[in-house]
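A short write-up of the structure that comes next.
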Amino acid sequence: MYLVTGLGNPGLKYKKTRHNTGFMAVDILADKLGIDIKEKKFKGLIGKGSFEGEQVMLLKPQTYMNLSGEAVRDVAGYYGIPVENIIVIYDDINLAPGFLRIRPKGSAGGHNGMKSIINCIGSDNFPRIRVGVGLNEVTDGEGRAIRTDLADHVLSKFSKEEEPLLKEALTRAAEASLFIIKNGAVAAQNEFNGKASSK
């Protein structure tokens, strides 16, 4: 069994914000697999289905970002899902919108949701799919980059210019999670790391 978790914050206030990129990708994956993510259990919303003969659980933690690991720990523990079969999709401010980066394991890289997961399950040995949401910078009238408040940035929505790239990146993130299940995270790196093609 595999557990694919998308990170985000619950509630309409946060819907479609940069920090909810993981939720959006898992929703696309749910559509692909014909899974309803509506059962309230283990501090999250879960849905069950299958892909290529493997059981797949989809999870959207409802604890708010900083406590995401509690839901992941509870679901994985209850169903006996190995750490290496946990796939996490989340936002990355260090990647431009439209870019994906897959890693088989690694540190939280400053992301609070990932910190919580690593702390709760006691391991960082699980695949993750990072979706670029861009740096928190704006340009002043003279073309100089100014760093804005990080919290404001990740809780903001994507611009009209960013939306097409985001849409394609989210679709690719969903496809990448299935590719990982079938072929492994190392192979997925070669296939999906980089920028979505613009249309």
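Chain labels follow the order of the structure tokens: the first chain is A, the next B, and so on; residue numbering restarts at 1 in every chain, and ligands are counted from 1 in their shown order.
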Using DSSP secondary structure from the backbone, list all alpha helix (DSSP H) positions within stretch 48-169 of chain A, as a VMD selection string. chain A and resid 68 to 79 112 to 121 150 to 154 163 to 169
Surrounding residues of A:Asp74 excluding itself and chain neighbours under 5 positions, 9 Å, only C-alpha atoms, as an NGL selection string: :A and (42-43 or 69 or 79)
Residue subset to file, keeping N, CA, C and O atoms, as an mmCIF file, in the first residue's frame:
data_model
loop_
_atom_site.group_PDB
_atom_site.id
_atom_site.type_symbol
_atom_site.label_atom_id
_atom_site.label_comp_id
_atom_site.auth_asym_id
_atom_site.auth_seq_id
_atom_site.Cartn_x
_atom_site.Cartn_y
_atom_site.Cartn_z
ATOM 1 N N PHE A 42 -8.356 10.090 11.122
ATOM 2 C CA PHE A 42 -6.926 10.291 11.381
ATOM 3 C C PHE A 42 -6.492 11.745 11.207
ATOM 4 O O PHE A 42 -5.435 12.025 10.642
ATOM 5 N N LYS A 43 -7.307 12.683 11.662
ATOM 6 C CA LYS A 43 -6.972 14.115 11.585
ATOM 7 C C LYS A 43 -6.802 14.584 10.143
ATOM 8 O O LYS A 43 -6.028 15.508 9.865
ATOM 9 N N GLY A 69 2.257 16.158 10.177
ATOM 10 C CA GLY A 69 2.828 14.844 10.459
ATOM 11 C C GLY A 69 1.954 13.958 11.311
ATOM 12 O O GLY A 69 2.053 12.727 11.244
ATOM 13 N N TYR A 79 -2.514 1.539 8.905
ATOM 14 C CA TYR A 79 -2.550 0.653 7.747
ATOM 15 C C TYR A 79 -1.227 -0.088 7.511
ATOM 16 O O TYR A 79 -1.113 -0.866 6.562
#
Which of these, A:Ile81, A:Ala96, A:Ala174, A:Ala71, has the shortest distance to A:Asp27 once you count only C-alpha atoms?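 Of A:Ile81, A:Ala96, A:Ala174, A:Ala71, the one nearest A:Asp27 is A:Ala174, counting only C-alpha atoms.
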May I ask for the distance between atom CA of A:Ile129 and atom CA of A:Ile181, given in Å to one decimal place?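 Separation between atom CA of A:Ile129 and atom CA of A:Ile181: 12.6 Å.
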What lies within 8 Å of A:Gly49 using only C-alpha atoms, ignoring chain neighbours under 5 positions off, as a PyMOL selection string? chain A and resi 33-35+55-57
Give me the residues near A:Asn9 as a list in words, where near means some atom within 7 Å (using only C-alpha atoms) and where sequence neighbours in that chain fewer than 2 positions away do not count. Gly11, Tyr14, Asn20, Gln62, Tyr64 and Met65 of chain A
Convert the current residue selection to file output with N, CA, C and O atoms, as a compact mmCIF listing (two decimals), in the first residue's frame.
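Result written to result_2.txt:
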# COMPACT_ATOMS: atom_id res chain seq x y z
N GLY A 11 -9.89 24.79 5.01
CA GLY A 11 -10.74 25.98 5.06
C GLY A 11 -10.69 26.80 3.78
O GLY A 11 -9.68 26.85 3.08
N TYR A 14 -7.89 29.44 2.79
CA TYR A 14 -6.59 29.05 2.25
C TYR A 14 -6.68 28.35 0.90
O TYR A 14 -5.65 27.99 0.32
N ASN A 20 -1.15 25.70 -0.42
CA ASN A 20 -2.06 24.57 -0.61
C ASN A 20 -1.82 23.81 -1.92
O ASN A 20 -2.67 23.06 -2.38
N GLN A 62 -5.85 17.74 7.97
CA GLN A 62 -6.72 18.85 8.33
C GLN A 62 -6.27 19.51 9.64
O GLN A 62 -7.07 20.15 10.33
N TYR A 64 -3.82 21.82 9.94
CA TYR A 64 -2.99 22.98 9.58
C TYR A 64 -1.56 22.50 9.38
O TYR A 64 -1.14 21.47 9.92
N MET A 65 -0.84 23.24 8.56
CA MET A 65 0.45 22.81 8.03
C MET A 65 1.43 22.33 9.10
O MET A 65 2.05 21.28 8.97
Spatial neighbours of A:Glu39, max dist 12 Å, only C-alpha atoms, sep filter under 2 positions, as a CSV table (one decimal) with N, CA and C atoms, in the first residue's frame:
chain,number,residue,atom,x,y,z
A,35,ILE,N,-11.0,8.5,-7.1
A,35,ILE,CA,-11.1,8.4,-5.7
A,35,ILE,C,-11.8,9.7,-5.1
A,36,ASP,N,-12.7,9.4,-4.1
A,36,ASP,CA,-13.3,10.6,-3.4
A,36,ASP,C,-12.5,10.7,-2.1
A,37,ILE,N,-12.0,11.9,-1.9
A,37,ILE,CA,-11.2,12.2,-0.6
A,37,ILE,C,-12.2,12.9,0.3
A,41,LYS,N,-11.0,11.1,9.0
A,41,LYS,CA,-10.4,10.1,9.8
A,41,LYS,C,-8.9,10.5,10.0
A,42,PHE,N,-8.4,10.1,11.1
A,42,PHE,CA,-6.9,10.3,11.4
A,42,PHE,C,-6.5,11.7,11.2
A,43,LYS,N,-7.3,12.7,11.7
A,43,LYS,CA,-7.0,14.1,11.6
A,43,LYS,C,-6.8,14.6,10.1
A,44,GLY,N,-7.5,13.9,9.2
A,44,GLY,CA,-7.4,14.3,7.8
A,44,GLY,C,-8.6,13.9,7.0
A,45,LEU,N,-8.6,14.2,5.7
A,45,LEU,CA,-9.5,13.7,4.8
A,45,LEU,C,-8.8,12.6,4.0
A,46,ILE,N,-9.4,11.4,3.9
A,46,ILE,CA,-8.7,10.3,3.2
A,46,ILE,C,-9.6,9.7,2.1
A,47,GLY,N,-9.0,9.1,1.2
A,47,GLY,CA,-9.7,8.3,0.1
A,47,GLY,C,-8.9,7.1,-0.2
A,48,LYS,N,-9.5,6.1,-0.7
A,48,LYS,CA,-8.9,4.8,-1.0
A,48,LYS,C,-9.1,4.4,-2.4
A,57,MET,N,-3.7,5.1,-0.8
A,57,MET,CA,-4.4,6.0,0.1
A,57,MET,C,-4.1,7.4,-0.3
A,58,LEU,N,-5.1,8.3,-0.4
A,58,LEU,CA,-4.8,9.7,-0.6
A,58,LEU,C,-5.2,10.4,0.7
A,59,LEU,N,-4.3,11.4,1.1
A,59,LEU,CA,-4.5,12.1,2.4
A,59,LEU,C,-4.3,13.6,2.3
A,60,LYS,N,-5.3,14.3,2.8
A,60,LYS,CA,-5.2,15.8,3.0
A,60,LYS,C,-5.3,16.1,4.5
A,61,PRO,N,-4.1,16.3,5.2
A,61,PRO,CA,-4.2,16.6,6.6
A,61,PRO,C,-5.1,17.8,6.9
A,62,GLN,N,-5.8,17.7,8.0
A,62,GLN,CA,-6.7,18.9,8.3
A,62,GLN,C,-6.3,19.5,9.6
Spatial neighbours of A:Gln189, max dist 7 Å, only C-alpha atoms, sep filter under 4 positions, as an MDAnalysis selection string: chainID A and resid 102:103 185 193
Output file for the residues above (N, CA and C atoms, as a short mmCIF file (atom, residue, chain, number, x, y, z; two decimals), in the first residue's frame):
data_model
loop_
_atom_site.label_atom_id
_atom_site.label_comp_id
_atom_site.auth_asym_id
_atom_site.auth_seq_id
_atom_site.Cartn_x
_atom_site.Cartn_y
_atom_site.Cartn_z
N ILE A 102 11.81 16.29 -7.57
CA ILE A 102 11.52 15.05 -6.85
C ILE A 102 12.80 14.57 -6.18
N ARG A 103 12.67 14.11 -4.93
CA ARG A 103 13.79 13.54 -4.21
C ARG A 103 13.33 12.26 -3.52
N ALA A 185 11.31 6.50 -7.10
CA ALA A 185 11.58 7.93 -7.08
C ALA A 185 12.80 8.33 -7.89
N ASN A 193 11.79 15.97 -13.08
CA ASN A 193 12.45 17.16 -12.54
C ASN A 193 12.62 18.23 -13.62
#
Using only C-alpha atoms, which residue out of A:Met1, A:Leu165, A:Met114, A:Ala187 lies closest to A:Ala76?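 Ranked by minimum distance to A:Ala76, first place goes to A:Met1.
Shortest atom-to-atom contact with A:Asn119 among A:Asn85, A:Asn66, A:Thr5, A:Asn94: A:Asn66, counting only C-alpha atoms.
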Which one is closest to A:Leu178: A:Leu100, A:Leu29, A:Val133, A:Leu7? Count only C-alpha atoms. A:Leu29
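Taking atom CA of A:Gly122 as the reference point, atom CA of A:Arg73 is found at 9.3 Å.
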Return as a ChimeraX atom specification the full set of residues in stretch 26-182 of chain A whose backbone-based DSSP assignment is strand (DSSP E or B). /A:39-41,44-51,54-61,86-92,99-103,128-132,137-139,145-147,157
Which residue gives the smallest distance to A:Arg172 among A:Gly53, A:Lys160, A:Ile89, A:Pro127, with only C-alpha atoms counted?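 Selected residue with least distance to A:Arg172: A:Ile89.
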